[in-house]
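Trainee: My structure file entry.txt, compact mmCIF, C-alpha atoms and all ligand atoms, is below:
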```
# COMPACT_ATOMS: atom_id res chain seq x y z
CA MET A 61 37.51 -99.55 129.02
CA GLY A 62 35.06 -100.51 131.81
CA GLN A 63 32.96 -102.57 129.38
CA THR A 64 33.33 -105.95 127.81
CA CYS A 65 32.98 -107.22 124.26
CA GLY A 66 31.51 -104.01 122.84
CA MET A 67 28.40 -104.28 124.99
CA PRO A 68 26.64 -100.95 125.48
CA SER A 69 27.21 -99.38 128.88
CA ASP A 70 24.19 -99.18 131.16
CA ALA A 71 24.89 -95.56 132.10
CA THR A 72 21.86 -93.30 131.67
CA GLU A 73 23.94 -90.23 130.71
CA PRO A 74 24.96 -90.12 127.04
CA ALA A 75 28.59 -91.23 127.07
CA ALA A 76 31.31 -88.85 125.93
CA PRO A 77 32.38 -89.72 122.36
CA VAL A 78 35.16 -92.26 122.12
CA GLY A 79 37.63 -90.46 119.91
CA ARG A 80 36.85 -87.54 117.63
CA VAL A 81 35.58 -89.01 114.36
CA ARG A 82 35.96 -86.66 111.37
CA PRO A 83 32.65 -84.91 110.65
CA ALA A 84 32.82 -86.13 107.04
CA VAL A 85 32.93 -89.73 108.28
CA ASP A 86 30.35 -89.16 111.00
CA ALA A 87 27.90 -87.98 108.34
CA LEU A 88 28.46 -90.96 106.04
CA PRO A 89 25.64 -93.33 105.24
CA ALA A 90 26.66 -96.98 105.63
CA TYR A 91 27.02 -98.91 102.37
CA LYS A 92 24.03 -101.25 102.19
CA PRO A 93 24.92 -104.59 100.67
CA GLY A 94 22.18 -106.78 99.20
CA LYS A 95 20.43 -108.83 101.86
CA ALA A 96 21.65 -112.42 102.21
CA ALA A 97 19.08 -115.16 101.53
CA GLU A 98 19.73 -116.58 105.02
CA GLN A 99 18.91 -113.24 106.62
CA ALA A 100 15.61 -113.00 104.72
CA GLU A 101 14.80 -116.56 105.83
CA ARG A 102 15.33 -115.62 109.47
CA GLU A 103 13.44 -112.32 109.22
CA HIS A 104 10.38 -113.79 107.52
CA ASN A 105 10.57 -117.26 109.01
CA ILE A 106 10.66 -118.92 105.60
CA ALA A 107 12.85 -121.50 103.89
CA GLU A 108 14.71 -121.59 100.59
CA ALA A 109 14.95 -117.90 99.87
CA ILE A 110 16.96 -116.82 96.82
CA LYS A 111 19.11 -113.71 96.58
CA LEU A 112 18.86 -111.68 93.39
CA ALA A 113 20.09 -108.53 95.11
CA SER A 114 23.83 -108.10 94.47
CA ASN A 115 24.32 -108.69 90.74
CA GLU A 116 26.35 -111.78 91.46
CA ASN A 117 27.05 -114.34 88.77
CA PRO A 118 24.82 -117.35 89.49
CA TYR A 119 27.61 -119.71 88.42
CA PRO A 120 30.76 -120.54 90.37
CA PRO A 121 34.16 -119.31 89.15
CA PRO A 122 35.73 -121.19 86.22
CA ALA A 123 37.27 -124.53 87.31
CA ALA A 124 40.81 -123.33 86.56
CA VAL A 125 40.27 -120.43 88.98
CA VAL A 126 39.06 -122.70 91.78
CA GLU A 127 42.13 -124.91 91.31
CA ALA A 128 44.52 -121.96 91.24
CA VAL A 129 43.03 -120.48 94.42
CA ALA A 130 43.23 -123.83 96.22
CA ALA A 131 46.89 -124.16 95.23
CA ALA A 132 47.66 -120.57 96.27
CA CYS A 133 46.39 -121.30 99.78
CA ARG A 134 49.63 -123.14 100.41
CA ASP A 135 51.48 -119.81 100.15
CA GLY A 136 49.14 -118.21 102.66
CA ASN A 137 52.01 -117.50 105.03
CA ILE A 138 53.76 -115.27 102.46
CA TYR A 139 52.71 -111.67 101.75
CA SER A 140 51.32 -111.23 98.28
CA ASP A 141 53.06 -109.11 95.65
CA HIS A 142 51.97 -105.62 96.75
CA ARG A 143 51.66 -104.41 93.15
CA ALA A 144 50.17 -107.61 91.71
CA THR A 145 52.78 -107.32 88.97
CA ALA A 146 51.98 -110.58 87.21
CA VAL A 147 48.29 -109.64 87.00
CA ARG A 148 49.14 -106.18 85.65
CA GLU A 149 51.41 -107.72 83.04
CA ALA A 150 48.82 -110.28 81.97
CA LEU A 151 46.13 -107.60 81.70
CA ALA A 152 48.39 -105.18 79.81
CA ASP A 153 49.31 -107.96 77.41
CA ARG A 154 45.70 -108.88 76.84
CA LEU A 155 44.52 -105.29 76.41
CA GLY A 156 47.41 -104.09 74.27
CA LEU A 157 48.50 -101.52 76.86
CA ALA A 158 51.78 -100.65 78.54
CA VAL A 159 52.00 -102.14 82.02
CA GLU A 160 52.28 -98.58 83.41
CA GLN A 161 48.71 -97.99 82.21
CA VAL A 162 47.22 -100.75 84.37
CA THR A 163 46.61 -101.00 88.10
CA VAL A 164 44.99 -103.78 90.10
CA GLY A 165 42.95 -103.43 93.26
CA ALA A 166 40.91 -105.39 95.81
CA GLY A 167 37.83 -105.09 93.64
CA SER A 168 37.19 -102.05 91.47
CA VAL A 169 35.51 -100.47 94.50
CA ALA A 170 38.90 -100.33 96.25
CA LEU A 171 40.33 -98.60 93.18
CA LEU A 172 37.46 -96.13 93.29
CA TYR A 173 38.32 -95.29 96.90
CA GLN A 174 42.00 -94.97 95.95
CA LEU A 175 41.04 -92.63 93.12
CA ALA A 176 38.99 -90.49 95.49
CA THR A 177 41.83 -90.51 98.04
CA ALA A 178 44.29 -89.44 95.36
CA PHE A 179 42.21 -86.66 93.78
CA VAL A 180 39.58 -85.32 96.18
CA ASP A 181 40.35 -82.66 98.78
CA PRO A 182 37.69 -81.27 101.16
CA GLY A 183 35.35 -79.06 99.16
CA ASP A 184 36.30 -80.55 95.79
CA GLU A 185 33.45 -81.70 93.59
CA VAL A 186 32.80 -85.02 91.92
CA VAL A 187 30.07 -85.13 89.28
CA THR A 188 28.01 -88.24 88.61
CA PRO A 189 24.65 -88.98 87.04
CA TRP A 190 22.18 -90.05 89.71
CA ILE A 191 20.91 -92.54 90.55
CA SER A 192 24.01 -94.61 90.15
CA PHE A 193 26.37 -96.78 92.17
CA GLU A 194 25.89 -96.10 95.87
CA ALA A 195 29.61 -96.51 96.66
CA TYR A 196 30.36 -93.33 94.63
CA PRO A 197 29.05 -90.76 97.12
CA ILE A 198 30.49 -92.67 100.06
CA SER A 199 34.01 -92.75 98.61
CA VAL A 200 33.87 -89.05 97.78
CA GLN A 201 32.32 -87.90 101.05
CA THR A 202 34.90 -89.90 103.00
CA MET A 203 37.44 -87.46 101.61
CA GLY A 204 35.27 -84.45 102.44
CA GLY A 205 34.38 -83.95 98.78
CA ASN A 206 30.97 -82.86 97.50
CA VAL A 207 29.01 -85.11 95.18
CA VAL A 208 27.18 -83.27 92.42
CA ARG A 209 24.32 -85.54 91.37
CA VAL A 210 23.01 -84.93 87.87
CA PRO A 211 19.45 -86.24 87.44
CA LEU A 212 18.80 -88.96 84.89
CA THR A 213 16.33 -88.39 82.05
CA ALA A 214 12.68 -89.36 82.59
CA ASP A 215 13.35 -92.85 81.19
CA HIS A 216 16.29 -93.24 83.58
CA ALA A 217 19.08 -92.80 81.02
CA PHE A 218 22.16 -90.54 81.34
CA ASP A 219 21.93 -86.89 80.35
CA LEU A 220 25.57 -86.39 79.39
CA ASP A 221 25.07 -82.76 78.33
CA ALA A 222 23.83 -82.04 81.84
CA VAL A 223 26.81 -83.92 83.28
CA ALA A 224 29.20 -81.75 81.24
CA ALA A 225 27.31 -78.62 82.29
CA ALA A 226 27.66 -79.57 85.98
CA VAL A 227 31.48 -79.52 85.80
CA THR A 228 33.02 -76.45 87.46
CA GLU A 229 36.55 -75.38 88.35
CA ARG A 230 36.10 -77.30 91.63
CA THR A 231 35.42 -80.57 89.78
CA LYS A 232 38.14 -83.20 90.11
CA LEU A 233 36.36 -86.33 88.86
CA VAL A 234 33.40 -87.42 86.77
CA LEU A 235 32.13 -90.91 87.61
CA LEU A 236 30.19 -92.70 84.89
CA ALA A 237 28.95 -96.26 85.35
CA THR A 238 28.10 -97.77 81.98
CA PRO A 239 26.08 -99.97 82.05
CA ASN A 240 24.70 -98.04 84.99
CA ASN A 241 23.94 -99.65 88.31
CA PRO A 242 21.03 -99.77 89.14
CA THR A 243 19.26 -98.54 85.98
CA SER A 244 20.95 -101.04 83.58
CA THR A 245 21.24 -98.81 80.51
CA ALA A 246 24.56 -97.98 78.85
CA VAL A 247 26.06 -95.18 76.79
CA SER A 248 28.31 -95.55 73.74
CA THR A 249 31.99 -94.60 73.67
CA VAL A 250 31.05 -92.01 71.03
CA ALA A 251 28.78 -90.33 73.58
CA VAL A 252 31.44 -90.57 76.30
CA ALA A 253 34.00 -89.03 73.94
CA ARG A 254 31.69 -86.04 73.39
CA LEU A 255 31.42 -85.63 77.15
CA VAL A 256 35.19 -85.82 77.62
CA GLU A 257 35.69 -83.20 74.90
CA ALA A 258 33.33 -80.91 76.79
CA VAL A 259 35.17 -81.04 80.14
CA PRO A 260 38.58 -79.58 81.05
CA GLY A 261 41.54 -81.88 80.42
CA ASP A 262 42.47 -81.93 84.11
CA VAL A 263 39.17 -83.51 85.17
CA VAL A 264 39.52 -87.29 85.31
CA VAL A 265 36.55 -89.09 83.78
CA LEU A 266 36.19 -92.59 85.20
CA VAL A 267 34.26 -94.97 82.96
CA ASP A 268 33.17 -97.77 85.29
CA GLU A 269 32.54 -100.87 83.21
CA ALA A 270 31.72 -103.37 85.95
CA TYR A 271 29.09 -104.92 83.65
CA ARG A 272 30.88 -104.47 80.33
CA GLU A 273 30.90 -108.18 79.47
CA PHE A 274 27.09 -108.26 79.46
CA ALA A 275 26.72 -105.20 77.20
CA ASP A 276 26.33 -104.88 73.45
CA PRO A 277 29.88 -104.78 72.00
CA GLY A 278 28.54 -102.29 69.45
CA LEU A 279 28.58 -99.64 72.20
CA GLY A 280 32.34 -99.54 71.75
CA ASP A 281 35.47 -100.13 73.80
CA PRO A 282 36.72 -97.16 75.84
CA VAL A 283 40.13 -98.79 76.34
CA ALA A 284 40.75 -99.03 72.61
CA GLU A 285 38.91 -95.87 71.57
CA LEU A 286 39.26 -93.37 74.42
CA LEU A 287 42.55 -94.05 76.22
CA PRO A 288 44.67 -93.26 73.13
CA ARG A 289 42.75 -89.98 72.59
CA PHE A 290 42.31 -88.66 76.12
CA ASP A 291 44.90 -88.66 78.92
CA ASN A 292 42.16 -87.88 81.45
CA VAL A 293 40.02 -90.97 80.84
CA ALA A 294 40.28 -93.92 83.22
CA VAL A 295 38.42 -97.20 82.73
CA ALA A 296 37.52 -99.55 85.59
CA ARG A 297 36.69 -103.23 85.12
CA THR A 298 36.28 -106.16 87.49
CA PHE A 299 36.41 -109.92 87.78
CA SER A 300 33.52 -109.83 90.24
CA LYS A 301 30.53 -109.98 87.92
CA ALA A 302 31.25 -111.63 84.57
CA TYR A 303 33.92 -114.00 85.93
CA GLY A 304 32.06 -114.83 89.12
CA LEU A 305 34.90 -113.80 91.46
CA ALA A 306 32.96 -111.32 93.62
CA SER A 307 34.19 -112.77 96.91
CA LEU A 308 37.81 -112.91 95.77
CA ARG A 309 38.01 -109.12 95.30
CA VAL A 310 39.97 -108.20 92.23
CA GLY A 311 39.38 -105.37 89.81
CA TYR A 312 41.52 -103.16 87.59
CA VAL A 313 41.80 -99.67 86.21
CA MET A 314 43.38 -98.62 82.93
CA ALA A 315 44.51 -95.01 82.66
CA HIS A 316 47.38 -92.65 81.89
CA PRO A 317 50.54 -93.70 83.83
CA GLU A 318 50.33 -90.54 85.99
CA VAL A 319 46.79 -91.40 87.06
CA VAL A 320 47.79 -95.02 87.66
CA SER A 321 50.71 -93.91 89.77
CA ALA A 322 48.50 -91.62 91.90
CA ILE A 323 46.03 -94.48 92.43
CA ASP A 324 48.94 -96.79 93.31
CA LYS A 325 50.20 -94.43 95.99
CA CYS A 326 46.91 -94.94 97.84
CA LEU A 327 47.03 -98.73 97.65
CA ILE A 328 46.83 -100.26 101.12
CA PRO A 329 49.84 -102.59 101.47
CA PHE A 330 49.13 -106.10 100.15
CA ASN A 331 45.45 -105.29 99.70
CA VAL A 332 45.18 -107.55 96.66
CA ASN A 333 45.70 -110.83 98.43
CA GLY A 334 47.52 -113.83 96.99
CA LEU A 335 44.36 -115.85 96.38
CA ALA A 336 42.84 -112.94 94.45
CA GLN A 337 45.98 -112.59 92.33
CA ALA A 338 46.08 -116.32 91.59
CA ALA A 339 42.39 -116.19 90.72
CA ALA A 340 42.79 -113.26 88.34
CA LEU A 341 45.75 -114.85 86.56
CA ALA A 342 43.87 -118.11 86.15
CA ALA A 343 40.76 -116.25 84.97
CA LEU A 344 42.80 -114.75 82.14
CA SER A 345 43.77 -118.18 80.79
CA ASP A 346 42.05 -119.20 77.54
CA GLU A 347 40.33 -122.11 79.22
CA ALA A 348 38.83 -120.04 82.05
CA ALA A 349 37.92 -117.18 79.74
CA ALA A 350 35.98 -119.63 77.54
CA GLU A 351 34.14 -121.00 80.56
CA ALA A 352 33.34 -117.49 81.78
CA GLN A 353 32.09 -116.61 78.30
CA ASN A 354 29.69 -119.57 78.39
CA ASN A 355 28.30 -118.33 81.69
CA ILE A 356 27.96 -114.80 80.33
CA GLU A 357 26.03 -116.14 77.32
CA ALA A 358 23.76 -118.13 79.65
CA VAL A 359 23.05 -115.02 81.72
CA LYS A 360 22.38 -112.96 78.59
CA ALA A 361 19.99 -115.59 77.26
CA GLU A 362 18.14 -115.61 80.56
CA ARG A 363 18.08 -111.82 80.59
CA GLY A 364 16.34 -111.95 77.20
CA ARG A 365 13.83 -114.44 78.51
CA VAL A 366 13.13 -112.48 81.71
CA THR A 367 12.73 -109.12 79.96
CA ALA A 368 10.43 -110.71 77.35
CA ALA A 369 8.30 -112.29 80.08
CA LEU A 370 8.07 -109.01 81.98
CA ALA A 371 7.16 -107.13 78.81
CA ALA A 372 4.49 -109.75 78.03
CA ASP A 373 3.03 -109.08 81.48
CA GLY A 374 2.89 -105.37 80.62
CA TRP A 375 5.92 -104.07 82.50
CA ALA A 376 7.77 -101.22 80.79
CA MET A 377 11.49 -101.94 80.91
CA GLY A 378 14.60 -100.00 79.98
CA ASP A 379 17.09 -101.58 77.58
CA THR A 380 19.19 -103.60 80.02
CA GLN A 381 22.85 -104.03 79.11
CA ALA A 382 23.83 -105.63 82.41
CA ASN A 383 23.18 -108.84 84.38
CA PHE A 384 20.12 -107.35 86.07
CA VAL A 385 16.83 -105.69 85.25
CA TRP A 386 15.56 -102.41 86.60
CA MET A 387 11.91 -101.81 87.36
CA GLN A 388 10.74 -98.26 88.07
CA LEU A 389 8.12 -98.82 90.73
CA GLY A 390 8.17 -95.38 92.34
CA GLU A 391 6.13 -95.22 95.53
CA ARG A 392 5.36 -98.94 95.35
CA THR A 393 9.02 -99.94 95.58
CA ASP A 394 9.26 -100.85 99.25
CA ASP A 395 5.92 -102.67 99.32
CA VAL A 396 6.77 -104.80 96.29
CA CYS A 397 10.23 -105.51 97.65
CA ILE A 398 8.88 -106.70 101.00
CA ALA A 399 6.16 -108.80 99.38
CA LEU A 400 8.76 -110.51 97.19
CA GLU A 401 11.04 -111.03 100.16
CA GLN A 402 8.28 -112.55 102.31
CA ARG A 403 7.89 -115.10 99.51
CA GLY A 404 11.62 -115.80 99.46
CA VAL A 405 12.77 -113.62 96.56
CA VAL A 406 15.32 -111.06 97.74
CA VAL A 407 15.79 -108.12 95.36
CA ARG A 408 17.49 -104.75 95.83
CA PRO A 409 15.18 -101.81 96.56
CA PHE A 410 15.99 -98.16 95.89
CA SER A 411 13.33 -96.67 98.07
CA GLY A 412 10.79 -94.58 96.18
CA VAL A 413 12.48 -95.25 92.85
CA GLY A 414 12.57 -98.90 91.84
CA ILE A 415 13.92 -102.40 92.32
CA ARG A 416 16.99 -104.00 90.80
CA VAL A 417 16.71 -107.71 90.11
CA THR A 418 19.79 -109.77 89.28
CA ILE A 419 19.52 -112.38 86.53
CA GLY A 420 20.05 -115.75 88.20
CA THR A 421 19.76 -119.35 87.12
CA PRO A 422 16.71 -120.29 85.00
CA ALA A 423 14.99 -121.74 88.09
CA GLN A 424 15.67 -118.60 90.14
CA ASN A 425 14.39 -116.36 87.36
CA ASP A 426 11.21 -118.43 87.06
CA ARG A 427 10.72 -118.07 90.76
CA PHE A 428 11.10 -114.28 90.50
CA LEU A 429 8.67 -114.02 87.57
CA THR A 430 6.01 -116.19 89.22
CA THR A 431 6.34 -114.42 92.56
CA LEU A 432 6.25 -110.96 91.00
CA ALA A 433 3.03 -111.86 89.17
CA GLU A 434 1.57 -112.85 92.56
CA VAL A 435 2.46 -109.61 94.29
CA ALA A 436 2.29 -106.81 91.71
CA ARG A 437 0.75 -105.78 88.40
CA PRO A 438 2.01 -103.03 86.11
CA ALA A 439 0.47 -99.67 87.06
C1 LIG B 501 29.61 -104.32 91.24
C2 LIG B 501 30.11 -102.99 90.83
C3 LIG B 501 31.47 -102.68 90.91
C4 LIG B 501 32.49 -103.73 91.20
O1 LIG B 501 32.76 -104.03 92.39
P1 LIG B 501 34.04 -104.89 92.79
O2 LIG B 501 34.63 -104.07 93.87
O3 LIG B 501 34.96 -105.01 91.63
O4 LIG B 501 33.48 -106.18 93.23
C5 LIG B 501 31.92 -101.46 90.46
N1 LIG B 501 31.07 -100.57 89.96
C6 LIG B 501 29.77 -100.82 89.85
C7 LIG B 501 28.90 -99.81 89.23
C8 LIG B 501 29.25 -102.03 90.30
O5 LIG B 501 27.94 -102.26 90.21
```
Could you rewrite the structure in this file as C-alpha cells?
Ligand SMILES: *Cc1c(COP(=O)(O)O)cnc(C)c1O
Mentor:
Amino acid sequence: MGQTCGMPSDATEPAAPVGRVRPAVDALPAYKPGKAAEQAEREHNIAEAIKLASNENPYPPPAAVVEAVAAACRDGNIYSDHRATAVREALADRLGLAVEQVTVGAGSVALLYQLATAFVDPGDEVVTPWISFEAYPISVQTMGGNVVRVPLTADHAFDLDAVAAAVTERTKLVLLATPNNPTSTAVSTVAVARLVEAVPGDVVVLVDEAYREFADPGLGDPVAELLPRFDNVAVARTFSKAYGLASLRVGYVMAHPEVVSAIDKCLIPFNVNGLAQAAALAALSDEAAAEAQNNIEAVKAERGRVTAALAADGWAMGDTQANFVWMQLGERTDDVCIALEQRGVVVRPFSGVGIRVTIGTPAQNDRFLTTLAEVARPA
C-alpha cells in the first residue's frame, strides 16, 4: 500500500486509479443525508441546534419495541433469520395477505435497491415523477439503468398521465412515492389504478408509501385495492417514519409472489438484523401499535398547527399528507436554508427548488416558525 490509514499520498503526479470502478458507479452522486444537529453546531459555532431534515419521528420507539430490542441483544452472537420469517408472517397476517406476497428488508430503501438489482439491466429505463426521493436515481443508476424523470405540475403534484406517456418498451419499473418526498402531496389509489391500467402488465409499478400512516385514509389502500387487481403492483412501507424505528432499519414490500421472490434473491445475507426483526415484531403488537398511533396523531396535530401558522404568515403551501411540509422557495432556497441553519434550525434544502421541513415536537416547530419569520417573508 505505501500509505497509512487512508491518508492521501503526497505524490504530485495524479495516482493511477486503485481498481477499475464501474463507470455507472463512478458517475453516481452520493446520497446526501439530512445534516445532523451536532454538525450544524460545529459548522456555525452555535449551541442547541435542532434537526428537522430527515423526516424522523420526534418521539422514541414504542416502549415494547425498546424492551424487545434490549432483550434481542442477548442473541447478538447468533445470525438472524435471513428471511425474517416471523416478521413476514406477522405482516401477512395483519394485512390479510399470503406470506409469499410479503418481503422484509433493511429499511424500504434496501428493498428498493433489491428491486433495481432484480429488474434493471444497463440501458433499461425506470420512470419516476421528479422531484421525488433522491435514492431512486441512485439505485437505478447503480445498475446502469436510465432514470426518466417526469416533471411535476406547476403546483408540485404528480402528472400521472405524463408518467404513463413516458413508459416505453425499455421501461422496467415505475417508482411512485405517495405521499411524495419532498413535495408532501399524495395521489389516490383510484388515480394509481388508472396509471397501472395505462402501462404494460410487465412493468412493475412500485407504490412507495413511506409516509402512509400520516396520510388521509380516504386516499385509499393500495394493498387492499390494487394488489388483488394488478399482478404488477408492488407496495413498499416502512417502520422508520410512523413507528420511529429509522435507525433500526426495517421496511417491507407487498407484491405478487414472483416479484417478491426476485427481490428476495437480491437480499444480502442476514441484512435484516436480529434487533430490527425483534423491533418490527414488537411494533406490530397491539400495545406498540396504539402507542405509535398516539405519536402519529400528535405529529398530525402539529402539522395542522404549523401549516396554519405558515398560511397565516402568507406562505402558500401544498396539501401535506406526510410528516413534513414543503416550501417552494425557488432561487431563495439555499439562502433561507443557511439562515435557518445559522440560527440552529436544520432543514433539508433542494437547491433552487425548495426546503423540506420535518414536523417535530411542539417546541421544535415553534422554534422553526419563529426563526423562519426572522429570516424570510413570503415573496
Ligand atoms: C424515508 C423514505 C423511505 C424509507 O426509508 P427506510 O429505508 O425504510 O428507512 C422510503 N421512501 C421514501 C420516499 C422515503 O422518504
Trainee: Given all atoms listed in the file, how would the per-residue table for chain A near ligand LIG 501 (chain B) read, listing every residue at most 9 Å away with its closest atom pair and distance in Å to one decimal, sorted by chain and number, as a Markdown table?
Mentor:
```
| residue | atom | partner | partner_atom | distance |
| --- | --- | --- | --- | --- |
| A:Ser114 | CA | B:LIG501 | C1 | 7.6 |
| A:Asn115 | CA | B:LIG501 | C1 | 6.9 |
| A:Glu116 | CA | B:LIG501 | C1 | 8.1 |
| A:Gly165 | CA | B:LIG501 | O3 | 8.3 |
| A:Ala166 | CA | B:LIG501 | O2 | 6.7 |
| A:Gly167 | CA | B:LIG501 | O2 | 3.4 |
| A:Ser168 | CA | B:LIG501 | O3 | 3.7 |
| A:Val169 | CA | B:LIG501 | O2 | 3.8 |
| A:Ala170 | CA | B:LIG501 | O2 | 6.2 |
| A:Leu171 | CA | B:LIG501 | O2 | 7.9 |
| A:Leu172 | CA | B:LIG501 | C5 | 8.2 |
| A:Ser192 | CA | B:LIG501 | C7 | 7.2 |
| A:Phe193 | CA | B:LIG501 | C7 | 4.9 |
| A:Glu194 | CA | B:LIG501 | C7 | 8.2 |
| A:Ala195 | CA | B:LIG501 | N1 | 8.0 |
| A:Tyr196 | CA | B:LIG501 | C7 | 8.6 |
| A:Leu236 | CA | B:LIG501 | C7 | 8.4 |
| A:Ala237 | CA | B:LIG501 | C7 | 5.3 |
| A:Thr238 | CA | B:LIG501 | C7 | 7.6 |
| A:Pro239 | CA | B:LIG501 | C7 | 7.7 |
| A:Asn240 | CA | B:LIG501 | C7 | 6.2 |
| A:Asn241 | CA | B:LIG501 | C7 | 5.0 |
| A:Pro242 | CA | B:LIG501 | O5 | 7.4 |
| A:Asp268 | CA | B:LIG501 | N1 | 5.8 |
| A:Glu269 | CA | B:LIG501 | N1 | 6.9 |
| A:Ala270 | CA | B:LIG501 | C5 | 4.9 |
| A:Tyr271 | CA | B:LIG501 | O5 | 7.2 |
| A:Ala296 | CA | B:LIG501 | C5 | 7.7 |
| A:Arg297 | CA | B:LIG501 | O3 | 7.0 |
| A:Thr298 | CA | B:LIG501 | O3 | 4.5 |
| A:Phe299 | CA | B:LIG501 | O3 | 6.4 |
| A:Ser300 | CA | B:LIG501 | O4 | 4.7 |
| A:Lys301 | CA | B:LIG501 | C1 | 6.6 |
| A:Leu305 | CA | B:LIG501 | O4 | 8.0 |
| A:Ala306 | CA | B:LIG501 | O4 | 5.2 |
| A:Ser307 | CA | B:LIG501 | O4 | 7.6 |
| A:Leu308 | CA | B:LIG501 | O4 | 8.4 |
| A:Arg309 | CA | B:LIG501 | O4 | 5.8 |
| A:Val310 | CA | B:LIG501 | O3 | 6.0 |
| A:Gly311 | CA | B:LIG501 | O3 | 4.8 |
| A:Tyr312 | CA | B:LIG501 | O3 | 7.9 |
```
Trainee: Just the number, please: distance in Å from atom CA of A:Asn117 to atom CA of A:Gly304, one decimal.
Mentor: 5.0 Å
Trainee: Give me, please, the distance in Å between atom CA of A:Val85 and atom CA of A:Gly204, quoted to one decimal.
Mentor: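 For atom CA of A:Val85 relative to atom CA of A:Gly204, the distance reads 8.2 Å.
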Trainee: To one decimal in Å, tell me the separation between atom CA of A:Asp86 and atom CA of A:Pro189.
Mentor: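 Result for atom CA of A:Asp86 versus atom CA of A:Pro189: 24.6 Å, one decimal.
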Trainee: Using all atoms listed in the file, which protein or nucleic acid residues come within 9 Å of A:Ile356? Drop anything in the same chain fewer than 2 positions from it, and give the result as a count of residues only.
Mentor: 14
Trainee: To test the calculation: enclose all listed atoms of stretch 358-369 of chain A in a box whose edges run along x, y and z, add 3 Å on each side, then state centre and edge lengths in Å to one decimal, as lines of an AutoDock Vina configuration file.
Mentor:
```
center_x = 16.0
center_y = -113.6
center_z = 79.5
size_x = 21.5
size_y = 15.0
size_z = 10.5
```
Trainee: What's around stretch 119-135 of chain A at 8 Å? Count only C-alpha atoms, leave out sequence neighbours fewer than 5 positions away in its own chain, and write the answer as a list of chain:residue names.
Mentor: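 Contacts, with the query itself left out: A:Tyr303, A:Gly304, A:Leu305, A:Gly334, A:Leu335, A:Ala336, A:Ala338, A:Ala339, A:Ala340, A:Ala342, A:Ala343, A:Glu347, A:Ala348, A:Ala349, A:Glu351, A:Ala352, A:Asn355, A:Thr421.
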Trainee: Applying 12 Å and only C-alpha atoms, which residues near A:Gly205 remain after dropping the ones on its own chain fewer than 3 positions away? List them as an NGL selection string.
Mentor: :A and (84-85 or 88 or 176-187 or 196-202 or 208 or 230-233)
Trainee: Since we have the selection now, will you write its residues out, keeping C-alpha atoms, as a PDB file, keeping the file's coordinate frame?
Mentor:
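The result, written out as out39.pdb:
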```pdb
ATOM      1  CA  ALA A  84      32.820 -86.130 107.040  1.00  0.00           C
ATOM      2  CA  VAL A  85      32.930 -89.730 108.280  1.00  0.00           C
ATOM      3  CA  LEU A  88      28.460 -90.960 106.040  1.00  0.00           C
ATOM      4  CA  ALA A 176      38.990 -90.490  95.490  1.00  0.00           C
ATOM      5  CA  THR A 177      41.830 -90.510  98.040  1.00  0.00           C
ATOM      6  CA  ALA A 178      44.290 -89.440  95.360  1.00  0.00           C
ATOM      7  CA  PHE A 179      42.210 -86.660  93.780  1.00  0.00           C
ATOM      8  CA  VAL A 180      39.580 -85.320  96.180  1.00  0.00           C
ATOM      9  CA  ASP A 181      40.350 -82.660  98.780  1.00  0.00           C
ATOM     10  CA  PRO A 182      37.690 -81.270 101.160  1.00  0.00           C
ATOM     11  CA  GLY A 183      35.350 -79.060  99.160  1.00  0.00           C
ATOM     12  CA  ASP A 184      36.300 -80.550  95.790  1.00  0.00           C
ATOM     13  CA  GLU A 185      33.450 -81.700  93.590  1.00  0.00           C
ATOM     14  CA  VAL A 186      32.800 -85.020  91.920  1.00  0.00           C
ATOM     15  CA  VAL A 187      30.070 -85.130  89.280  1.00  0.00           C
ATOM     16  CA  TYR A 196      30.360 -93.330  94.630  1.00  0.00           C
ATOM     17  CA  PRO A 197      29.050 -90.760  97.120  1.00  0.00           C
ATOM     18  CA  ILE A 198      30.490 -92.670 100.060  1.00  0.00           C
ATOM     19  CA  SER A 199      34.010 -92.750  98.610  1.00  0.00           C
ATOM     20  CA  VAL A 200      33.870 -89.050  97.780  1.00  0.00           C
ATOM     21  CA  GLN A 201      32.320 -87.900 101.050  1.00  0.00           C
ATOM     22  CA  THR A 202      34.900 -89.900 103.000  1.00  0.00           C
ATOM     23  CA  VAL A 208      27.180 -83.270  92.420  1.00  0.00           C
ATOM     24  CA  ARG A 230      36.100 -77.300  91.630  1.00  0.00           C
ATOM     25  CA  THR A 231      35.420 -80.570  89.780  1.00  0.00           C
ATOM     26  CA  LYS A 232      38.140 -83.200  90.110  1.00  0.00           C
ATOM     27  CA  LEU A 233      36.360 -86.330  88.860  1.00  0.00           C
TER      28      LEU A 233
END
```
